[in-house]
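Printed here is work21.cif (mmCIF, C-alpha atoms and all ligand atoms):
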data_start
#
loop_
_atom_site.label_atom_id
_atom_site.label_comp_id
_atom_site.auth_asym_id
_atom_site.auth_seq_id
_atom_site.Cartn_x
_atom_site.Cartn_y
_atom_site.Cartn_z
CA SER A 597 115.94 148.03 99.37
CA ARG A 598 112.55 147.22 98.05
CA SER A 599 110.33 149.59 96.11
CA ILE A 600 106.85 149.70 94.61
CA SER A 601 105.97 151.68 91.54
CA LEU A 602 102.22 152.01 91.64
CA ALA A 603 99.90 153.40 88.97
CA VAL A 604 96.75 154.90 90.43
CA ILE A 605 93.54 155.32 88.45
CA PRO A 606 91.03 156.90 90.85
CA GLY A 607 88.37 157.13 88.10
CA ASP A 608 84.88 158.44 88.74
CA GLY A 609 82.47 159.12 91.57
CA ILE A 610 83.42 157.46 94.83
CA GLY A 611 86.44 155.92 93.09
CA LYS A 612 88.50 158.99 93.94
CA GLU A 613 87.37 158.96 97.58
CA VAL A 614 88.03 155.30 98.26
CA VAL A 615 91.37 155.28 96.45
CA ALA A 616 92.61 158.10 98.67
CA GLN A 617 91.90 155.91 101.68
CA GLY A 618 93.51 152.88 100.08
CA LEU A 619 96.69 154.87 99.52
CA LYS A 620 96.58 156.18 103.06
CA VAL A 621 96.49 152.65 104.43
CA LEU A 622 99.14 151.49 101.98
CA SER A 623 101.56 154.20 103.12
CA ALA A 624 100.86 153.38 106.74
CA VAL A 625 101.43 149.64 106.41
CA LEU A 626 104.66 149.69 104.42
CA PRO A 627 107.93 149.42 106.32
CA GLN A 628 110.19 152.48 106.18
CA ASP A 629 112.67 150.85 103.85
CA VAL A 630 110.13 150.25 101.12
CA LYS A 631 110.04 153.10 98.68
CA LEU A 632 106.52 153.75 97.37
CA GLU A 633 106.21 155.74 94.18
CA THR A 634 102.73 156.50 92.92
CA LYS A 635 101.64 158.07 89.69
CA GLN A 636 98.07 159.19 89.16
CA TYR A 637 96.40 158.70 85.80
CA ASP A 638 93.51 160.95 84.90
CA LEU A 639 91.19 158.51 83.17
CA GLY A 640 87.42 158.17 83.31
CA ALA A 641 84.33 160.24 82.63
CA GLN A 642 85.86 163.71 83.05
CA ARG A 643 88.70 162.90 80.71
CA TRP A 644 86.29 161.48 78.14
CA HIS A 645 84.11 164.58 78.29
CA ALA A 646 87.14 166.83 77.96
CA THR A 647 89.04 165.01 75.21
CA GLY A 648 86.94 162.12 73.92
CA GLU A 649 89.69 159.73 75.04
CA THR A 650 89.20 156.64 77.18
CA LEU A 651 92.68 155.08 77.26
CA PRO A 652 95.18 156.39 74.71
CA ASP A 653 97.95 154.01 73.67
CA ALA A 654 100.63 156.31 75.11
CA GLU A 655 99.12 155.94 78.58
CA LEU A 656 98.68 152.21 78.13
CA GLU A 657 102.42 152.04 77.46
CA GLN A 658 103.19 154.09 80.58
CA LEU A 659 100.91 151.96 82.73
CA LYS A 660 102.78 148.88 81.57
CA GLU A 661 105.92 150.09 83.32
CA HIS A 662 104.46 150.01 86.83
CA ASP A 663 104.57 147.10 89.27
CA ALA A 664 100.82 147.21 89.80
CA ILE A 665 97.74 149.34 89.26
CA LEU A 666 95.19 150.48 91.85
CA LEU A 667 91.85 151.43 90.34
CA GLY A 668 88.91 153.06 92.12
CA ALA A 669 85.85 152.86 89.92
CA ILE A 670 84.84 154.07 86.53
CA GLY A 671 81.49 154.97 85.03
CA ASP A 672 79.13 157.89 85.10
CA PRO A 673 75.52 158.32 83.97
CA SER A 674 76.64 161.18 81.70
CA VAL A 675 78.69 158.76 79.58
CA PRO A 676 76.88 156.33 77.29
CA SER A 677 76.81 152.80 78.67
CA GLY A 678 79.74 150.73 77.47
CA VAL A 679 82.08 153.55 76.45
CA LEU A 680 84.22 153.55 79.59
CA GLU A 681 83.58 149.90 80.39
CA ARG A 682 84.90 148.71 77.05
CA GLY A 683 87.27 151.59 76.32
CA LEU A 684 88.99 151.70 79.69
CA LEU A 685 88.32 148.92 82.19
CA LEU A 686 88.02 145.99 79.81
CA LYS A 687 90.75 147.42 77.60
CA LEU A 688 93.11 147.25 80.56
CA ARG A 689 92.06 143.72 81.49
CA PHE A 690 92.58 142.52 77.93
CA ALA A 691 95.73 144.48 77.14
CA PHE A 692 97.44 143.33 80.33
CA ASP A 693 96.17 139.77 79.99
CA HIS A 694 94.43 139.73 83.37
CA TYR A 695 93.20 136.21 82.92
CA VAL A 696 92.69 135.56 86.62
CA ASN A 697 90.06 137.82 88.11
CA LEU A 698 90.41 136.98 91.77
CA ARG A 699 87.47 137.72 94.04
CA PRO A 700 87.63 136.46 97.61
CA SER A 701 84.57 136.30 99.85
CA LYS A 702 84.88 136.17 103.58
CA LEU A 703 82.20 136.72 106.17
CA PHE A 704 83.61 139.54 108.24
CA PRO A 705 82.21 140.21 111.72
CA ASN A 706 79.39 142.62 112.38
CA THR A 707 78.23 142.99 108.81
CA GLU A 708 74.69 143.19 107.55
CA SER A 709 74.95 139.94 105.67
CA PRO A 710 71.75 137.93 105.43
CA LEU A 711 74.07 135.09 106.42
CA ALA A 712 75.42 136.78 109.54
CA GLY A 713 76.05 134.28 112.27
CA ARG A 714 76.78 131.50 109.82
CA PRO A 715 80.41 130.55 110.11
CA ASP A 716 82.98 129.43 107.61
CA ILE A 717 82.21 131.59 104.64
CA ASP A 718 85.64 131.82 103.17
CA PHE A 719 85.91 131.14 99.50
CA VAL A 720 87.50 132.68 96.47
CA VAL A 721 86.13 132.98 92.98
CA VAL A 722 88.62 132.66 90.15
CA ARG A 723 86.77 134.40 87.35
CA GLU A 724 88.26 134.11 83.88
CA GLY A 725 89.08 137.65 82.77
CA THR A 726 89.97 137.74 79.10
CA GLU A 727 87.46 135.60 77.22
CA GLY A 728 83.79 134.61 77.21
CA PRO A 729 81.11 137.01 76.06
CA TYR A 730 83.31 139.92 77.18
CA VAL A 731 85.51 139.85 74.09
CA GLY A 732 82.98 141.81 72.08
CA ASN A 733 82.74 139.19 69.38
CA GLY A 734 79.31 139.62 67.87
CA GLY A 735 77.14 141.99 65.98
CA SER A 736 73.65 142.71 64.87
CA ILE A 737 71.88 142.75 61.54
CA ARG A 738 68.73 144.61 60.57
CA THR A 739 69.57 146.74 63.60
CA GLY A 740 66.69 148.75 65.00
CA THR A 741 64.07 146.90 62.96
CA PRO A 742 61.56 144.35 64.22
CA ALA A 743 63.68 141.76 62.42
CA GLU A 744 66.89 142.60 64.26
CA VAL A 745 69.18 139.72 65.16
CA ALA A 746 71.90 140.44 67.73
CA ASN A 747 74.64 137.94 68.50
CA GLU A 748 77.05 138.13 71.40
CA VAL A 749 79.52 135.32 70.96
CA SER A 750 81.22 133.72 73.94
CA VAL A 751 84.82 132.93 73.05
CA ASN A 752 86.43 130.04 74.92
CA THR A 753 89.83 128.81 73.84
CA ALA A 754 91.55 125.70 75.15
CA TYR A 755 94.56 127.91 75.89
CA GLY A 756 92.49 130.43 77.85
CA VAL A 757 90.45 127.87 79.76
CA GLU A 758 93.41 125.66 80.59
CA ARG A 759 95.49 128.45 82.10
CA VAL A 760 92.77 129.78 84.35
CA VAL A 761 91.65 126.32 85.45
CA ARG A 762 95.25 125.45 86.26
CA ASP A 763 95.63 128.63 88.29
CA ALA A 764 92.48 127.72 90.23
CA TYR A 765 93.83 124.23 90.97
CA GLU A 766 97.05 125.77 92.24
CA ARG A 767 95.09 128.07 94.54
CA ALA A 768 92.86 125.26 95.77
CA ASN A 769 95.88 123.04 96.37
CA ALA A 770 97.47 125.75 98.53
CA ARG A 771 94.40 126.12 100.77
CA THR A 772 93.42 124.03 103.77
CA ARG A 773 90.25 122.50 102.37
CA LYS A 774 91.63 121.94 98.88
CA LYS A 775 88.27 121.97 97.13
CA LEU A 776 87.63 123.30 93.65
CA THR A 777 84.18 123.80 92.14
CA LEU A 778 83.69 124.40 88.45
CA VAL A 779 80.63 126.52 87.70
CA HIS A 780 79.23 126.53 84.18
CA LYS A 781 76.06 125.58 82.35
CA ASN A 782 77.15 122.61 80.33
CA ASN A 783 73.64 121.19 80.05
CA VAL A 784 72.77 124.09 77.73
CA LEU A 785 76.01 125.75 76.64
CA VAL A 786 77.31 122.41 75.46
CA HIS A 787 80.24 123.57 73.35
CA ALA A 788 81.92 125.89 75.82
CA GLY A 789 80.63 123.85 78.76
CA HIS A 790 82.27 120.66 77.58
CA LEU A 791 85.55 122.40 76.83
CA TRP A 792 85.59 123.69 80.41
CA LYS A 793 84.52 120.38 81.95
CA ASN A 794 86.96 118.28 79.90
CA LEU A 795 89.92 120.48 80.77
CA PHE A 796 88.78 120.71 84.39
CA ASP A 797 88.75 116.88 84.63
CA LYS A 798 92.01 116.45 82.72
CA ILE A 799 94.00 119.01 84.71
CA GLY A 800 92.48 117.64 87.90
CA GLU A 801 94.47 114.42 87.38
CA GLU A 802 97.58 116.46 88.19
CA TYR A 803 96.10 117.55 91.52
CA PRO A 804 95.06 114.33 93.28
CA GLU A 805 94.72 116.13 96.63
CA VAL A 806 92.14 118.57 95.35
CA THR A 807 88.51 117.53 95.73
CA THR A 808 86.43 118.62 92.77
CA ASP A 809 82.82 119.47 92.22
CA TYR A 810 80.75 120.75 89.33
CA LEU A 811 77.65 122.95 89.54
CA HIS A 812 75.47 124.55 86.94
CA VAL A 813 75.48 128.28 87.47
CA ASP A 814 71.81 128.47 88.46
CA ALA A 815 72.30 125.83 91.14
CA ALA A 816 75.45 127.61 92.29
CA THR A 817 73.43 130.75 93.06
CA ILE A 818 71.17 128.71 95.33
CA PHE A 819 74.08 127.20 97.24
CA LEU A 820 75.82 130.56 97.58
CA VAL A 821 72.87 131.61 99.70
CA THR A 822 71.77 128.36 101.36
CA ASP A 823 75.14 126.67 101.90
CA PRO A 824 78.05 129.03 101.15
CA ALA A 825 80.36 127.02 103.38
CA ARG A 826 80.45 124.31 100.72
CA PHE A 827 82.68 126.53 98.59
CA ASP A 828 86.44 126.86 98.84
CA VAL A 829 87.67 127.85 95.36
CA ILE A 830 85.27 128.38 92.47
CA VAL A 831 86.47 128.62 88.87
CA THR A 832 84.15 129.95 86.21
CA ASP A 833 83.92 131.96 83.03
CA ASN A 834 83.95 135.73 82.72
CA LEU A 835 80.21 136.39 82.70
CA PHE A 836 79.15 133.75 85.23
CA GLY A 837 81.95 135.04 87.44
CA ASP A 838 80.73 138.60 87.14
CA ILE A 839 77.27 137.63 88.31
CA LEU A 840 78.34 135.16 90.99
CA THR A 841 80.75 137.59 92.59
CA ASP A 842 78.15 140.32 93.03
CA LEU A 843 75.94 137.75 94.70
CA ALA A 844 78.86 136.52 96.77
CA ALA A 845 79.61 140.07 97.87
CA ALA A 846 76.00 140.72 98.82
CA VAL A 847 75.73 137.61 100.98
CA SER A 848 79.10 137.92 102.62
CA GLY A 849 79.06 141.42 104.02
CA GLY A 850 77.97 143.72 101.24
CA ILE A 851 79.48 145.25 98.17
CA GLY A 852 81.32 147.78 100.37
CA LEU A 853 83.70 145.02 101.44
CA ALA A 854 84.31 143.10 98.21
CA ALA A 855 87.86 143.31 96.88
CA SER A 856 89.27 142.07 93.62
CA GLY A 857 92.46 141.55 91.71
CA ASN A 858 92.80 141.43 87.95
CA VAL A 859 95.85 139.26 87.91
CA ASN A 860 98.35 138.45 85.21
CA PRO A 861 100.01 135.48 86.92
CA THR A 862 102.96 135.34 84.54
CA GLY A 863 104.09 138.80 85.63
CA GLU A 864 104.48 139.89 82.02
CA PHE A 865 102.11 142.78 82.68
CA PRO A 866 101.12 144.68 85.82
CA SER A 867 98.15 143.29 87.71
CA MET A 868 95.33 145.65 88.65
CA PHE A 869 93.44 145.78 91.92
CA GLU A 870 90.02 147.34 92.41
CA PRO A 871 86.95 147.15 94.60
CA VAL A 872 84.15 145.11 93.00
CA HIS A 873 81.74 148.01 93.47
CA GLY A 874 81.17 150.78 90.93
CA SER A 875 81.43 154.56 91.03
CA ALA A 876 78.14 155.03 92.93
CA PRO A 877 77.39 158.54 91.60
CA ASP A 878 74.36 158.71 93.93
CA ILE A 879 76.58 158.91 97.02
CA ALA A 880 79.69 160.51 95.50
CA GLY A 881 80.85 163.50 97.52
CA THR A 882 78.76 162.63 100.58
CA GLY A 883 81.48 160.81 102.53
CA LYS A 884 79.24 157.76 102.77
CA ALA A 885 81.34 155.44 100.64
CA ASP A 886 82.94 152.58 102.52
CA PRO A 887 86.63 152.45 101.54
CA THR A 888 87.06 148.96 103.00
CA ALA A 889 86.75 147.13 99.66
CA THR A 890 89.54 149.29 98.26
CA VAL A 891 91.67 148.80 101.35
CA LEU A 892 91.20 145.04 101.04
CA SER A 893 92.13 145.32 97.36
CA VAL A 894 95.35 146.98 98.49
CA ALA A 895 95.95 143.88 100.64
CA LEU A 896 95.53 141.68 97.55
CA LEU A 897 97.95 143.97 95.72
CA LEU A 898 100.54 143.67 98.46
CA ARG A 899 100.20 139.87 98.58
CA HIS A 900 100.64 139.74 94.81
CA LEU A 901 103.86 141.76 95.10
CA GLY A 902 105.17 139.50 97.84
CA PHE A 903 104.32 141.62 100.89
CA GLU A 904 102.44 138.84 102.67
CA ALA A 905 102.88 140.15 106.21
CA GLU A 906 101.63 143.60 105.27
CA ALA A 907 98.66 142.12 103.41
CA ALA A 908 97.73 140.08 106.47
CA ARG A 909 98.07 143.14 108.69
CA ILE A 910 95.55 145.00 106.57
CA GLU A 911 93.10 142.09 106.65
CA ASP A 912 93.44 141.78 110.42
CA ALA A 913 92.90 145.54 110.76
CA VAL A 914 89.69 145.30 108.72
CA THR A 915 88.44 142.40 110.85
CA ALA A 916 89.18 144.33 114.03
CA ASP A 917 87.69 147.53 112.67
CA LEU A 918 84.50 145.80 111.61
CA SER A 919 84.01 144.08 114.92
CA GLU A 920 84.12 147.46 116.65
CA ARG A 921 82.67 149.52 113.87
CA ALA A 922 80.58 152.45 115.02
CA ASP A 923 77.76 153.55 112.75
CA SER A 924 77.96 156.48 110.42
CA ARG A 925 81.67 157.04 110.14
CA THR A 926 82.74 158.89 107.02
CA THR A 927 84.92 157.49 104.26
CA ASP A 928 87.82 159.44 105.67
CA GLU A 929 87.26 158.32 109.26
CA ILE A 930 87.21 154.66 108.27
CA GLY A 931 90.43 155.18 106.29
CA ASP A 932 92.06 156.92 109.25
CA ALA A 933 91.04 154.17 111.65
CA LEU A 934 92.44 151.48 109.37
CA ALA A 935 95.67 153.42 108.81
CA VAL A 936 96.16 153.70 112.57
CA ARG A 937 95.56 149.99 113.07
CA VAL A 938 97.97 148.80 110.40
CA ALA A 939 100.70 151.12 111.59
CA GLN A 940 100.78 149.46 115.03
C1 LIG A 1001 83.02 144.19 87.42
C2 LIG A 1001 82.17 145.13 86.63
C3 LIG A 1001 82.65 145.14 85.19
C4 LIG A 1001 82.50 143.74 84.66
C5 LIG A 1001 81.95 146.14 84.27
C6 LIG A 1001 81.99 147.55 84.84
C7 LIG A 1001 82.52 146.13 82.87
O1 LIG A 1001 80.83 144.79 86.73
O2 LIG A 1001 84.22 144.46 87.57
O3 LIG A 1001 82.50 143.20 87.92
O4 LIG A 1001 81.42 143.36 84.16
O5 LIG A 1001 83.46 142.98 84.74
MN MN A 1002 80.47 143.09 88.02
#

Written as structure tokens, that's how I'd like the structure from this file.
Amino acid sequence: SRSISLAVIPGDGIGKEVVAQGLKVLSAVLPQDVKLETKQYDLGAQRWHATGETLPDAELEQLKEHDAILLGAIGDPSVPSGVLERGLLLKLRFAFDHYVNLRPSKLFPNTESPLAGRPDIDFVVVREGTEGPYVGNGGSIRTGTPAEVANEVSVNTAYGVERVVRDAYERANARTRKKLTLVHKNNVLVHAGHLWKNLFDKIGEEYPEVTTDYLHVDAATIFLVTDPARFDVIVTDNLFGDILTDLAAAVSGGIGLAASGNVNPTGEFPSMFEPVHGSAPDIAGTGKADPTATVLSVALLLRHLGFEAEAARIEDAVTADLSERADSRTTDEIGDALAVRVAQ
């Protein structure tokens, strides 16, 4: 019989609240014969305050043994900016080679999107997850003086670009519209931009059925708002992808609905699924957090592990829930409603 060994990192703020709902829905959707084993990892702001640790190697080794990781959110105003981001979240993405950061955008019914009523918003951003300016390659000289120079180097390797572009072609090829848009800024960032564009064109020869397009990132932000239906699959670098996917979430139903997967497509390491939103300390503990993004991340997790029917059931439950959604339900009530729907 099948089994899932799941590592759970609830993290900080609303992370704990939304993860509880994600697990509730996961338990409800799985068939009886699937054995779900979860192990919680106490990582995040509290841990850092208590011990000074962000992600010790011993825990990294333990995490490696699971089939997948579900993460809530990390970050707290009491922790200096960058400590948990670099020491925990990005450390996981790099250590587990999550080179495909998958971020789907769908216009769900009854949302407060500025684009509500406009059909056909259904695209996915394949954000590179292990390179770009995120690698921390840089430094500053004459720091803190008026003559300071700070460099933040964007690292783009042919190996890293090729594998993520190829993954994006595969995804585009498997979709109905089969359209792939490369987003970069190759009129200014000529070195990295040309590496991306050259590999994009070269690999494209292997996918004759996929229609391709190129947009500079600034133009892409315009089209995400004025003509989002033009997008099917977008492939882009780590930083552009970070920015574009917040915008995509905002225009397609709000950050409370945006799910993501940090995927290691080779299966060498566990992939990690998390809502795009952060720990929202301002609403933590109030029951106002929408767990839907986490629940949809659980659907991505299930699809990644081969549970396609269960993933689809969760997505259908979210669509149904949103079309009937009553105002002012708590985090828990939304989780309960979704758990009931998927169990049917
Ligand atoms: C995200 C977040 C992270 C990122 C931060 C918290 C490091 O904004 O998952 O989009 O920039 O990737
Ligand atoms: Mn982000």

* Nearby residues, ligand LIG 1001 (chain A), 6 Å, all atoms listed in the file, as a list of chain:residue names ->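 Listed by chain and ascending number, the contacts are A:Glu681, A:Asp838, A:Val872.
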
Distance table requested - chain A against ligand MN 1002 (chain A), cut-off 9 Å, only C-alpha atoms and all ligand atoms: one row per qualifying residue with the closest atom pair and its distance in Å to one decimal, ordered by chain and rising residue number, as a tab-separated table.
residue	atom	partner	partner_atom	distance
A:Leu835	CA	A:MN1002	MN	8.6
A:Gly837	CA	A:MN1002	MN	8.2
A:Asp838	CA	A:MN1002	MN	4.6
A:Ile839	CA	A:MN1002	MN	6.3
A:Leu840	CA	A:MN1002	MN	8.7
A:Thr841	CA	A:MN1002	MN	7.2
A:Asp842	CA	A:MN1002	MN	6.2
A:Val872	CA	A:MN1002	MN	6.5
A:His873	CA	A:MN1002	MN	7.5
A:Gly874	CA	A:MN1002	MN	8.3

* Which is closer to Arg759 of chain A than all the others in A:Ser623, A:Thr777, A:Asn860, A:Ser674, using only C-alpha atoms? ->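 Smallest separation from Arg759 of chain A among the options: A:Asn860.
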
* To do: Counting only C-alpha atoms, select every polymer residue within 9 Å of (90.4, 125.8, 88.8) as defined in the file's coordinates, and provide the selection as a PyMOL selection string.
  => chain A and resi 722+758-768+776-778+796+799-800+829-832

* Quick one: residues within 10 Å of Arg689 of chain A, only C-alpha atoms counted, chain neighbours fewer than 3 positions away excluded, as a list in words? ->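 Here the qualifying residues turn out to be Arg682, Leu684, Leu685, Leu686, Phe692, Asp693, His694, Tyr695, Val696, Asn697, Gly725, Thr726, Asn858, Val859, Asn860, Ser867 and Met868 of chain A.
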
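Look at everything within 8 Å of (81.1, 158.1, 94.9) using all atoms listed in the file, and the residues you get are Asp608, Gly609, Ile610, Gly611, Lys612, Glu613, Ser875, Ala876, Pro877, Asp878, Ile879, Ala880, Gly881, Thr882 and Ala885 of chain A.
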
Create the file for the chosen residues now, containing C-alpha atoms and written as a short mmCIF file (atom, residue, chain, number, x, y, z; two decimals), in the frame of the given file.
data_model
loop_
_atom_site.label_atom_id
_atom_site.label_comp_id
_atom_site.auth_asym_id
_atom_site.auth_seq_id
_atom_site.Cartn_x
_atom_site.Cartn_y
_atom_site.Cartn_z
CA ASP A 608 84.88 158.44 88.74
CA GLY A 609 82.47 159.12 91.57
CA ILE A 610 83.42 157.46 94.83
CA GLY A 611 86.44 155.92 93.09
CA LYS A 612 88.50 158.99 93.94
CA GLU A 613 87.37 158.96 97.58
CA SER A 875 81.43 154.56 91.03
CA ALA A 876 78.14 155.03 92.93
CA PRO A 877 77.39 158.54 91.60
CA ASP A 878 74.36 158.71 93.93
CA ILE A 879 76.58 158.91 97.02
CA ALA A 880 79.69 160.51 95.50
CA GLY A 881 80.85 163.50 97.52
CA THR A 882 78.76 162.63 100.58
CA ALA A 885 81.34 155.44 100.64
#

* Go through A:Lys781, A:Lys702, A:Arg723, A:His787 one by one, measure the shortest atom-to-atom distance of each to Ala844 of chain A using all atoms listed in the file, and give the residue with the smallest value. =>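 Of A:Lys781, A:Lys702, A:Arg723, A:His787, the one nearest Ala844 of chain A is A:Lys702, counting all atoms listed in the file.
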
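Across the model, the gap from atom CA of Leu703 of chain A to atom CA of Ala616 of chain A is 24.9 Å.
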
* Write out as a ChimeraX atom specification which residues come within 9 Å of segment 727-736 of chain A when counting all atoms listed in the file, dropping same-chain ones fewer than 5 positions away. => /A:682,686,690,695,744-753,756-757,833-835

* Asked: Within 10 Å of Ala846 of chain A, counting only C-alpha atoms, which residues qualify if same-chain residues fewer than 6 places away don't, as a VMD selection string?
  -> chain A and resid 701 708 to 711 821 840 852 to 854

* To do: Using only C-alpha atoms, pick whichever of A:Phe819, A:Tyr810, A:Tyr755, A:Phe719 has the shortest atom-to-atom distance to Thr772 of chain A.
  =>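 The closest residue to Thr772 of chain A is A:Phe719.
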
* Asked: Which is closest to Ser919 of chain A among A:Arg598, A:Gly640, A:Phe704, A:Glu870, if we use all atoms listed in the file?
  ->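 Closest to Ser919 of chain A, using all atoms listed in the file: A:Phe704.
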
* **Residue nearest Gly789 of chain A - candidates A:Thr739, A:Val813, A:Leu632, A:Ser677, atoms counted: all atoms listed in the file** =>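 Among the listed residues, the smallest separation from Gly789 of chain A belongs to A:Val813.
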
* To do: Excluding Val615 of chain A and residues on its chain fewer than 2 positions from it, collect all residues at most 10 Å away from it, counting all atoms listed in the file, and give them as a PyMOL selection string.
  => chain A and resi 604-607+610-613+617-621+666-669+870-871+887+889-891+894+931

* Structure fact -> The residue from A:Leu918, A:Asp923, A:Glu805, A:Glu724 with the smallest atom-to-atom distance to Gly857 of chain A, counting all atoms listed in the file, is A:Glu724

Box time for segment 813-831 of chain A: axis-aligned, enclosing all its listed atoms, 8 Å extra on each side; report centre and edge lengths in Å to one decimal, as JSON.
{"center_x": 79.4, "center_y": 128.0, "center_z": 95.4, "size_x": 32.5, "size_y": 23.3, "size_z": 31.9}

* To do: Provide the atom CA of Ala939 of chain A to atom CA of Val625 of chain A distance in Å, to one decimal place.
  => 5.4 Å

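Going from atom CA of Glu904 of chain A over to atom CA of Glu929 of chain A, you cover 25.6 Å.
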
Pull N, CA and C atoms for segment 765-782 of chain A from the block and write them as a short mmCIF file (atom, residue, chain, number, x, y, z; two decimals), in the first residue's frame.
data_model
loop_
_atom_site.label_atom_id
_atom_site.label_comp_id
_atom_site.auth_asym_id
_atom_site.auth_seq_id
_atom_site.Cartn_x
_atom_site.Cartn_y
_atom_site.Cartn_z
N TYR A 765 9.44 24.01 -20.92
CA TYR A 765 8.96 23.50 -22.22
C TYR A 765 8.13 22.24 -22.02
N GLU A 766 8.60 21.36 -21.15
CA GLU A 766 7.85 20.13 -20.89
C GLU A 766 6.45 20.46 -20.37
N ARG A 767 6.39 21.41 -19.44
CA ARG A 767 5.09 21.78 -18.87
C ARG A 767 4.19 22.42 -19.91
N ALA A 768 4.79 23.29 -20.74
CA ALA A 768 4.00 23.95 -21.78
C ALA A 768 3.48 22.92 -22.77
N ASN A 769 4.34 21.97 -23.13
CA ASN A 769 3.98 20.95 -24.11
C ASN A 769 2.84 20.07 -23.62
N ALA A 770 2.72 19.94 -22.29
CA ALA A 770 1.69 19.08 -21.71
C ALA A 770 0.37 19.83 -21.53
N ARG A 771 0.34 21.12 -21.78
CA ARG A 771 -0.89 21.89 -21.58
C ARG A 771 -1.61 22.09 -22.91
N THR A 772 -2.87 22.51 -22.82
CA THR A 772 -3.69 22.63 -24.02
C THR A 772 -3.16 23.70 -24.97
N ARG A 773 -2.82 24.85 -24.42
CA ARG A 773 -2.45 25.96 -25.31
C ARG A 773 -1.00 25.90 -25.78
N LYS A 774 -0.19 25.17 -25.04
CA LYS A 774 1.21 24.96 -25.45
C LYS A 774 1.93 26.26 -25.81
N LYS A 775 1.91 27.21 -24.87
CA LYS A 775 2.59 28.47 -25.15
C LYS A 775 3.57 28.78 -24.02
N LEU A 776 4.77 29.12 -24.38
CA LEU A 776 5.79 29.42 -23.38
C LEU A 776 6.36 30.81 -23.61
N THR A 777 6.33 31.63 -22.57
CA THR A 777 6.87 32.99 -22.65
C THR A 777 8.10 33.09 -21.77
N LEU A 778 9.19 33.53 -22.36
CA LEU A 778 10.39 33.83 -21.58
C LEU A 778 10.32 35.29 -21.14
N VAL A 779 10.51 35.51 -19.85
CA VAL A 779 10.55 36.89 -19.34
C VAL A 779 11.95 37.16 -18.82
N HIS A 780 12.54 38.23 -19.32
CA HIS A 780 13.87 38.64 -18.86
C HIS A 780 14.03 40.14 -19.13
N LYS A 781 15.22 40.56 -19.27
CA LYS A 781 15.47 42.00 -19.52
C LYS A 781 16.75 42.06 -20.33
N ASN A 782 16.70 41.39 -21.49
CA ASN A 782 17.95 41.20 -22.23
C ASN A 782 18.39 42.43 -23.03
#
